[in-house]
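Reproduced below: work_1.txt, with compact mmCIF, C-alpha atoms.
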# COMPACT_ATOMS: atom_id res chain seq x y z
CA MET A 1 131.56 112.79 113.37
CA ASN A 2 131.65 110.58 110.27
CA ALA A 3 132.47 107.21 111.85
CA PRO A 4 130.66 104.22 110.29
CA ILE A 5 127.23 103.10 111.47
CA THR A 6 125.53 99.70 111.26
CA ILE A 7 121.75 99.67 110.93
CA LEU A 8 120.10 96.36 111.76
CA GLY A 9 116.73 96.29 110.04
CA ALA A 10 115.95 97.48 106.52
CA GLY A 11 112.37 98.63 106.97
CA SER A 12 111.35 102.18 106.16
CA TRP A 13 113.01 103.75 109.22
CA GLY A 14 116.29 101.85 108.94
CA THR A 15 116.46 102.50 105.21
CA ALA A 16 115.67 106.20 105.59
CA LEU A 17 118.42 106.67 108.16
CA ALA A 18 120.88 104.74 106.02
CA VAL A 19 120.13 107.02 103.07
CA HIS A 20 120.29 110.16 105.19
CA TRP A 21 123.54 109.33 106.97
CA ALA A 22 125.23 108.15 103.76
CA ARG A 23 124.37 111.45 102.09
CA ALA A 24 125.92 113.17 105.10
CA GLY A 25 129.20 111.32 104.56
CA ARG A 26 128.86 108.29 106.84
CA ASP A 27 129.68 104.78 105.71
CA VAL A 28 126.54 102.81 106.54
CA THR A 29 126.02 99.06 106.60
CA LEU A 30 122.32 98.16 106.28
CA TRP A 31 121.34 94.65 107.35
CA THR A 32 118.23 92.77 106.28
CA ARG A 33 117.49 89.23 107.36
CA ARG A 34 116.30 88.24 103.86
CA PRO A 35 119.14 87.36 101.43
CA ALA A 36 116.91 87.90 98.39
CA ALA A 37 116.01 91.40 99.56
CA ALA A 38 119.67 92.22 100.17
CA ALA A 39 120.65 91.03 96.71
CA SER A 40 117.87 93.04 95.10
CA MET A 41 118.80 96.20 96.99
CA ARG A 42 122.46 95.84 96.05
CA HIS A 43 121.52 95.40 92.40
CA THR A 44 118.84 98.08 92.03
CA ARG A 45 120.04 100.49 94.75
CA HIS A 46 116.43 100.80 95.93
CA ASN A 47 114.31 99.27 98.68
CA PRO A 48 111.12 98.63 96.68
CA ARG A 49 109.06 97.34 99.59
CA TYR A 50 109.50 100.30 101.93
CA LEU A 51 110.96 103.37 100.16
CA PRO A 52 110.74 102.56 96.44
CA ASP A 53 111.37 106.09 95.18
CA VAL A 54 114.53 106.74 97.20
CA ALA A 55 117.91 105.69 95.80
CA LEU A 56 120.50 104.14 98.09
CA PRO A 57 123.70 106.23 97.96
CA ALA A 58 127.05 104.61 97.30
CA GLY A 59 127.88 104.91 100.99
CA VAL A 60 125.24 102.30 101.90
CA THR A 61 126.42 98.69 101.93
CA VAL A 62 123.56 96.18 102.07
CA THR A 63 124.07 92.73 103.55
CA SER A 64 122.09 89.81 104.92
CA SER A 65 125.10 88.58 106.94
CA LEU A 66 124.66 89.55 110.57
CA ALA A 67 128.34 88.89 111.22
CA SER A 68 129.41 91.26 108.43
CA ALA A 69 127.00 93.94 109.62
CA ALA A 70 128.12 93.66 113.25
CA GLU A 71 131.78 93.78 112.32
CA ALA A 72 131.36 96.81 110.06
CA SER A 73 131.17 99.32 112.93
CA SER A 74 131.06 99.72 116.70
CA LEU A 75 127.71 101.54 116.59
CA TRP A 76 124.71 99.29 116.09
CA ALA A 77 121.37 101.00 115.47
CA LEU A 78 118.62 98.39 116.01
CA ALA A 79 115.72 99.17 113.68
CA VAL A 80 113.63 96.01 113.82
CA PRO A 81 110.01 96.00 115.10
CA SER A 82 109.73 96.00 118.88
CA GLN A 83 108.37 92.45 119.12
CA ALA A 84 111.44 91.19 117.20
CA MET A 85 114.01 93.07 119.30
CA ARG A 86 114.72 90.31 121.82
CA ALA A 87 115.44 87.74 119.12
CA LEU A 88 117.80 90.10 117.29
CA VAL A 89 119.74 91.01 120.44
CA ARG A 90 120.21 87.34 121.24
CA GLN A 91 121.66 86.81 117.77
CA LEU A 92 124.12 89.65 118.34
CA ILE A 93 125.69 88.15 121.48
CA PRO A 94 128.55 86.36 119.63
CA PHE A 95 129.63 89.65 118.01
CA LEU A 96 129.46 91.88 121.07
CA HIS A 97 132.69 93.51 122.26
CA PRO A 98 133.52 96.30 124.75
CA ALA A 99 133.62 99.10 122.15
CA VAL A 100 130.09 98.49 120.84
CA HIS A 101 127.26 100.96 121.45
CA LEU A 102 123.68 99.76 120.90
CA VAL A 103 120.89 102.20 120.05
CA SER A 104 117.28 101.04 119.88
CA LEU A 105 115.23 102.72 117.15
CA ALA A 106 112.13 100.60 117.79
CA LYS A 107 109.02 102.30 119.19
CA GLY A 108 107.09 99.79 121.22
CA ILE A 109 106.75 97.79 124.42
CA GLU A 110 107.26 94.03 124.43
CA ASN A 111 104.13 91.96 124.91
CA GLY A 112 104.11 89.63 127.90
CA THR A 113 107.19 90.97 129.67
CA LEU A 114 105.98 94.60 129.33
CA CYS A 115 109.62 95.62 128.87
CA THR A 116 110.66 98.75 127.04
CA MET A 117 113.31 98.22 124.37
CA SER A 118 116.20 99.32 126.61
CA GLN A 119 114.93 96.86 129.22
CA VAL A 120 114.79 94.09 126.62
CA ILE A 121 118.41 94.76 125.66
CA ALA A 122 119.49 94.84 129.31
CA ASP A 123 117.56 91.65 130.03
CA VAL A 124 119.36 89.80 127.25
CA LEU A 125 122.86 91.24 127.62
CA GLY A 126 123.02 91.94 131.35
CA PRO A 127 124.01 95.03 133.35
CA ALA A 128 127.56 95.10 131.97
CA VAL A 129 126.35 96.85 128.82
CA ASP A 130 124.16 99.43 130.60
CA HIS A 131 126.56 102.29 129.88
CA ARG A 132 126.56 101.45 126.16
CA VAL A 133 122.79 101.25 125.53
CA SER A 134 120.60 104.15 124.41
CA VAL A 135 117.33 104.76 122.60
CA CYS A 136 116.34 107.18 119.85
CA TYR A 137 112.80 108.54 119.58
CA GLY A 138 111.03 111.61 118.26
CA PRO A 139 108.67 112.95 115.57
CA SER A 140 110.46 111.48 112.57
CA HIS A 141 108.59 110.04 109.62
CA ALA A 142 110.92 107.92 107.50
CA GLU A 143 109.61 109.39 104.26
CA GLU A 144 110.74 112.88 105.29
CA VAL A 145 114.10 111.84 106.74
CA ALA A 146 114.90 110.02 103.49
CA LEU A 147 114.31 113.31 101.65
CA ASP A 148 116.54 115.25 104.08
CA GLN A 149 113.62 117.20 105.48
CA PRO A 150 114.53 118.94 108.78
CA THR A 151 113.87 116.59 111.71
CA ALA A 152 114.58 116.61 115.44
CA VAL A 153 114.87 113.53 117.65
CA VAL A 154 116.00 112.62 121.16
CA VAL A 155 118.68 110.14 122.19
CA ALA A 156 118.19 108.96 125.76
CA ALA A 157 120.60 107.00 127.93
CA PRO A 158 121.05 106.59 131.70
CA HIS A 159 124.48 108.17 131.42
CA LEU A 160 124.76 111.59 129.79
CA ASP A 161 128.14 110.85 128.20
CA THR A 162 126.62 107.86 126.39
CA ALA A 163 123.80 109.98 124.99
CA GLU A 164 126.25 112.67 123.92
CA THR A 165 128.42 110.10 122.16
CA ILE A 166 125.45 108.95 120.07
CA GLN A 167 124.35 112.55 119.54
CA ALA A 168 127.69 113.30 117.91
CA ARG A 169 127.50 110.19 115.73
CA PHE A 170 123.88 110.70 114.61
CA MET A 171 123.52 114.45 114.13
CA THR A 172 123.64 116.10 110.71
CA ASP A 173 122.61 119.49 109.37
CA ARG A 174 119.12 118.08 108.74
CA LEU A 175 118.81 115.66 111.67
CA ARG A 176 119.03 117.55 114.94
CA VAL A 177 119.63 115.30 117.95
CA TYR A 178 118.90 116.28 121.55
CA VAL A 179 119.95 114.27 124.60
CA ASN A 180 118.02 113.18 127.67
CA THR A 181 118.72 110.90 130.63
CA ASP A 182 115.04 110.10 131.26
CA VAL A 183 115.06 106.85 129.32
CA MET A 184 111.73 105.65 130.71
CA GLY A 185 109.93 108.89 129.86
CA VAL A 186 111.30 108.93 126.33
CA GLU A 187 110.41 105.28 125.71
CA VAL A 188 106.91 105.50 127.19
CA GLY A 189 106.04 108.68 125.32
CA GLY A 190 107.53 107.52 122.03
CA SER A 191 105.81 104.14 122.20
CA ALA A 192 102.41 104.99 123.65
CA LYS A 193 101.78 107.72 121.09
CA ASN A 194 101.15 105.00 118.50
CA VAL A 195 98.10 103.85 120.44
CA LEU A 196 96.77 107.41 120.49
CA ALA A 197 97.40 107.66 116.75
CA ILE A 198 95.13 104.65 116.23
CA ALA A 199 92.48 106.40 118.33
CA ALA A 200 92.85 109.58 116.26
CA GLY A 201 92.56 107.56 113.06
CA ILE A 202 89.42 105.82 114.31
CA SER A 203 87.92 109.22 115.05
CA ASP A 204 88.77 110.40 111.53
CA GLY A 205 87.42 107.24 109.95
CA VAL A 206 84.13 107.49 111.79
CA GLY A 207 83.79 111.09 110.66
CA TYR A 208 84.33 113.12 113.82
CA GLY A 209 86.01 116.50 113.47
CA ASP A 210 89.03 118.36 114.75
CA ASN A 211 87.49 118.98 118.17
CA ALA A 212 87.30 115.27 118.87
CA LYS A 213 90.83 114.66 117.66
CA ALA A 214 92.20 117.51 119.78
CA ALA A 215 90.47 116.04 122.82
CA LEU A 216 91.89 112.57 122.09
CA VAL A 217 95.42 113.92 121.65
CA THR A 218 95.32 116.10 124.76
CA ARG A 219 93.68 113.59 127.07
CA GLY A 220 95.84 110.88 125.54
CA LEU A 221 98.93 112.79 126.56
CA ALA A 222 97.52 113.06 130.09
CA GLU A 223 97.11 109.29 130.39
CA ILE A 224 100.53 108.59 128.88
CA LYS A 225 102.00 110.95 131.46
CA ARG A 226 100.14 109.18 134.28
CA LEU A 227 101.64 105.88 133.25
CA GLY A 228 105.10 107.34 132.76
CA LEU A 229 105.12 108.88 136.24
CA ALA A 230 104.09 105.56 137.75
CA LEU A 231 107.06 103.96 136.00
CA GLY A 232 109.50 106.59 137.27
CA ALA A 233 109.60 109.00 134.34
CA LYS A 234 110.07 112.76 134.70
CA PRO A 235 107.06 115.00 134.01
CA ALA A 236 108.98 117.46 131.80
CA THR A 237 109.85 114.76 129.27
CA PHE A 238 106.23 114.56 128.13
CA ALA A 239 106.30 118.22 127.08
CA GLY A 240 109.20 117.48 124.73
CA LEU A 241 109.84 115.83 121.40
CA THR A 242 108.85 112.34 122.53
CA GLY A 243 105.73 113.60 124.28
CA ILE A 244 103.89 116.40 122.53
CA GLY A 245 106.12 116.28 119.45
CA ASP A 246 105.78 112.58 118.72
CA LEU A 247 102.10 112.57 119.60
CA VAL A 248 101.18 115.48 117.33
CA VAL A 249 103.02 114.22 114.25
CA THR A 250 101.78 110.64 114.61
CA CYS A 251 98.16 111.59 115.19
CA MET A 252 97.99 114.22 112.44
CA SER A 253 100.22 113.13 109.57
CA ALA A 254 99.18 111.28 106.43
CA HIS A 255 102.50 109.38 106.73
CA SER A 256 101.44 107.78 110.02
CA ARG A 257 100.79 104.08 109.57
CA ASN A 258 99.09 103.87 112.98
CA ARG A 259 96.71 106.74 112.19
CA HIS A 260 96.03 105.11 108.80
CA LEU A 261 95.23 101.79 110.47
CA GLY A 262 92.85 103.51 112.86
CA GLU A 263 91.17 105.36 110.03
CA GLN A 264 90.53 102.09 108.21
CA ILE A 265 89.12 100.59 111.41
CA GLY A 266 86.85 103.62 111.73
CA ARG A 267 85.58 103.04 108.21
CA GLY A 268 84.53 99.52 109.13
CA HIS A 269 87.42 97.39 107.87
CA ALA A 270 88.60 94.41 109.91
CA LEU A 271 91.93 94.63 111.72
CA ALA A 272 93.31 91.44 110.16
CA SER A 273 92.59 92.56 106.62
CA ILE A 274 94.17 95.99 107.22
CA VAL A 275 97.34 94.46 108.67
CA ASP A 276 97.55 92.01 105.75
CA ARG A 277 97.50 94.91 103.27
CA MET A 278 100.20 96.92 105.08
CA ASP A 279 103.85 96.35 104.16
CA MET A 280 105.01 98.18 107.27
CA VAL A 281 104.37 97.29 110.90
CA ALA A 282 101.88 99.44 112.81
CA GLU A 283 103.55 99.21 116.22
CA GLY A 284 100.49 100.62 117.99
CA VAL A 285 98.49 97.40 117.61
CA GLN A 286 100.73 95.32 119.87
CA THR A 287 101.64 98.30 122.04
CA THR A 288 97.93 98.66 122.86
CA VAL A 289 98.09 95.23 124.49
CA SER A 290 101.21 96.10 126.48
CA LEU A 291 99.90 99.49 127.60
CA ARG A 292 96.63 97.99 128.78
CA ASP A 293 98.54 95.40 130.78
CA LEU A 294 100.95 97.98 132.21
CA ALA A 295 98.04 100.17 133.26
CA ALA A 296 96.42 97.22 135.03
CA ARG A 297 99.68 96.25 136.73
CA HIS A 298 100.19 99.75 138.15
CA GLY A 299 96.56 100.68 138.76
CA ILE A 300 96.62 103.55 136.27
CA GLU A 301 93.45 104.75 134.55
CA MET A 302 94.01 104.87 130.77
CA PRO A 303 90.54 105.15 129.24
CA ILE A 304 91.62 105.93 125.67
CA THR A 305 93.99 102.98 125.61
CA ALA A 306 91.22 100.78 127.01
CA ALA A 307 88.83 102.04 124.33
CA VAL A 308 91.31 101.32 121.52
CA TYR A 309 91.85 97.83 122.95
CA ALA A 310 88.10 97.24 123.00
CA VAL A 311 87.81 98.23 119.33
CA LEU A 312 90.83 96.24 118.14
CA PHE A 313 90.40 93.07 120.18
CA GLU A 314 86.94 92.92 121.74
CA GLY A 315 84.70 93.78 118.82
CA GLN A 316 83.50 97.18 120.05
CA ALA A 317 82.03 99.23 117.22
CA PRO A 318 84.46 102.02 116.19
CA GLU A 319 81.77 104.70 116.34
CA ALA A 320 81.11 103.75 119.97
CA MET A 321 84.69 104.53 121.03
CA VAL A 322 84.43 108.31 121.23
CA ASP A 323 80.85 108.11 122.51
CA ALA A 324 81.98 105.92 125.40
CA LEU A 325 84.80 108.30 126.24
CA MET A 326 82.55 111.34 126.09
CA THR A 327 80.00 109.86 128.48
CA ARG A 328 82.40 108.82 131.24
CA ASP A 329 81.89 110.23 134.73
CA ALA A 330 82.92 113.87 135.16
CA LYS A 331 86.59 114.32 136.10
CA ARG A 332 89.13 116.92 137.13
CA GLU A 333 91.48 117.87 134.31
CA ASN A 334 94.59 117.19 136.39
CA TRP A 335 94.90 113.68 137.79
CA ARG A 336 96.94 113.79 141.01
CA PRO A 337 98.05 117.37 140.29
CA GLU A 338 100.85 117.18 142.83
CA LEU A 339 102.61 114.68 140.53
CA LEU A 340 102.05 116.62 137.32
CA GLU A 341 104.09 119.64 138.32
CA SER A 342 107.31 119.69 136.33
As structure tokens - that is how I would like this structure written.
Amino acid sequence: MNAPITILGAGSWGTALAVHWARAGRDVTLWTRRPAAAASMRHTRHNPRYLPDVALPAGVTVTSSLASAAEASSLWALAVPSQAMRALVRQLIPFLHPAVHLVSLAKGIENGTLCTMSQVIADVLGPAVDHRVSVCYGPSHAEEVALDQPTAVVVAAPHLDTAETIQARFMTDRLRVYVNTDVMGVEVGGSAKNVLAIAAGISDGVGYGDNAKAALVTRGLAEIKRLGLALGAKPATFAGLTGIGDLVVTCMSAHSRNRHLGEQIGRGHALASIVDRMDMVAEGVQTTVSLRDLAARHGIEMPITAAVYAVLFEGQAPEAMVDALMTRDAKRENWRPELLES
């Protein structure tokens, strides 16, 4: 289906999808909040800050007018960082109408409220839009999507027909879209994996090997699953693209900004200086705070998340992170095995 799409947020992910969908024949409106950036992108047909080597096809219209972007289509893909989602949705209220579908592309959990992105949207817009809200997650580095490398993602919505509507609008011959109705599982898995990627990067930066990283990834998935089940997610979701898939690509890939941040931490660099040097947002930093708070709220043991928090915010030495995890009390592999059966 080649109906137009509006992408709100011109970071690497929003830009990559705009490029990809325009090449596939969609008319795409790409919104950035900065007028100067919009003017530059219209003139040069490049986004120099995020994807400098990728040309914007003719099918991409760039604007800094939120009204123009909202009016350009009835499908709004929200690609701003998770901590900016609430403010953007509030700004969209005047342009909302019954035909609009909203899809969150942000991978994070809001600090303070501990809301997932679909919950943020519902909190701002109310239950009347529930059947028109979905989320899109999966192992999908922007750099590869912009080059039309084969990629698979998941669109999740409470109502299957909503997810299938977005599936038809998003899917191309290089972007395969699956559907799921387990919104909580998809959002928890696709957000929490960024925290595990920081842990994997710390391990790399310190100089530990593949054994340590495999342990972090595997045990990290176990603790993500524990939290997801406590929040009402379905166990099988964590074996899918937004569980194992998202976790593997984010923890292993050189494209991963969260793994890169962790690696720099592991090499002894300060968090503030690393963030200052990064053009793109590493969602895992703020998600670490939200996950730690969610775990405390629900009484869930998440030792890797707690260890990452201690390194990022409490001054724990990076090399002590894995050591502390390795010397914890002996455990069973399956936590509450009766809940882990899919």
- Could you tell me which of A:Val145, A:Met171, A:Val100, A:Cys115 comes closest to Met184 (chain A) if we count only C-alpha atoms?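 Looking at the shortest contact to Met184 (chain A), the residue is A:Cys115.
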- Message: Please determine, counting all atoms listed in the file, which residue among A:Gly201, A:Gly220, A:Gly240, A:Gly108 has the shortest atom-to-atom distance to Arg259 (chain A).
- Response: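 That would be A:Gly201, the residue with the smallest distance to Arg259 (chain A).
Relative to CA of Ala10 (chain A), CA of Ala22 (chain A) is found at 14.4 Å.
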For His46 (chain A), work out the shell of residues within 12 Å, counting only C-alpha atoms and skipping chain neighbours fewer than 2 positions away, then give it as a short mmCIF file (atom, residue, chain, number, x, y, z; two decimals) with C-alpha atoms, in the frame of the given file.
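In the end it all went to around-v3.cif:
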data_model
loop_
_atom_site.label_atom_id
_atom_site.label_comp_id
_atom_site.auth_asym_id
_atom_site.auth_seq_id
_atom_site.Cartn_x
_atom_site.Cartn_y
_atom_site.Cartn_z
CA ALA A 10 115.95 97.48 106.52
CA GLY A 11 112.37 98.63 106.97
CA SER A 12 111.35 102.18 106.16
CA THR A 15 116.46 102.50 105.21
CA ALA A 16 115.67 106.20 105.59
CA ALA A 18 120.88 104.74 106.02
CA VAL A 19 120.13 107.02 103.07
CA ALA A 37 116.01 91.40 99.56
CA ALA A 38 119.67 92.22 100.17
CA ALA A 39 120.65 91.03 96.71
CA SER A 40 117.87 93.04 95.10
CA MET A 41 118.80 96.20 96.99
CA ARG A 42 122.46 95.84 96.05
CA HIS A 43 121.52 95.40 92.40
CA THR A 44 118.84 98.08 92.03
CA PRO A 48 111.12 98.63 96.68
CA ARG A 49 109.06 97.34 99.59
CA TYR A 50 109.50 100.30 101.93
CA LEU A 51 110.96 103.37 100.16
CA PRO A 52 110.74 102.56 96.44
CA ASP A 53 111.37 106.09 95.18
CA VAL A 54 114.53 106.74 97.20
CA ALA A 55 117.91 105.69 95.80
CA LEU A 56 120.50 104.14 98.09
CA PRO A 57 123.70 106.23 97.96
CA ALA A 58 127.05 104.61 97.30
CA VAL A 60 125.24 102.30 101.90
CA THR A 61 126.42 98.69 101.93
CA VAL A 62 123.56 96.18 102.07
#
- Best match for closeness to Ile304 (chain A) among A:Arg33, A:Arg176, A:Arg169, A:Lys213, counting only C-alpha atoms: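 Counting only C-alpha atoms, the residue closest to Ile304 (chain A) is A:Lys213.
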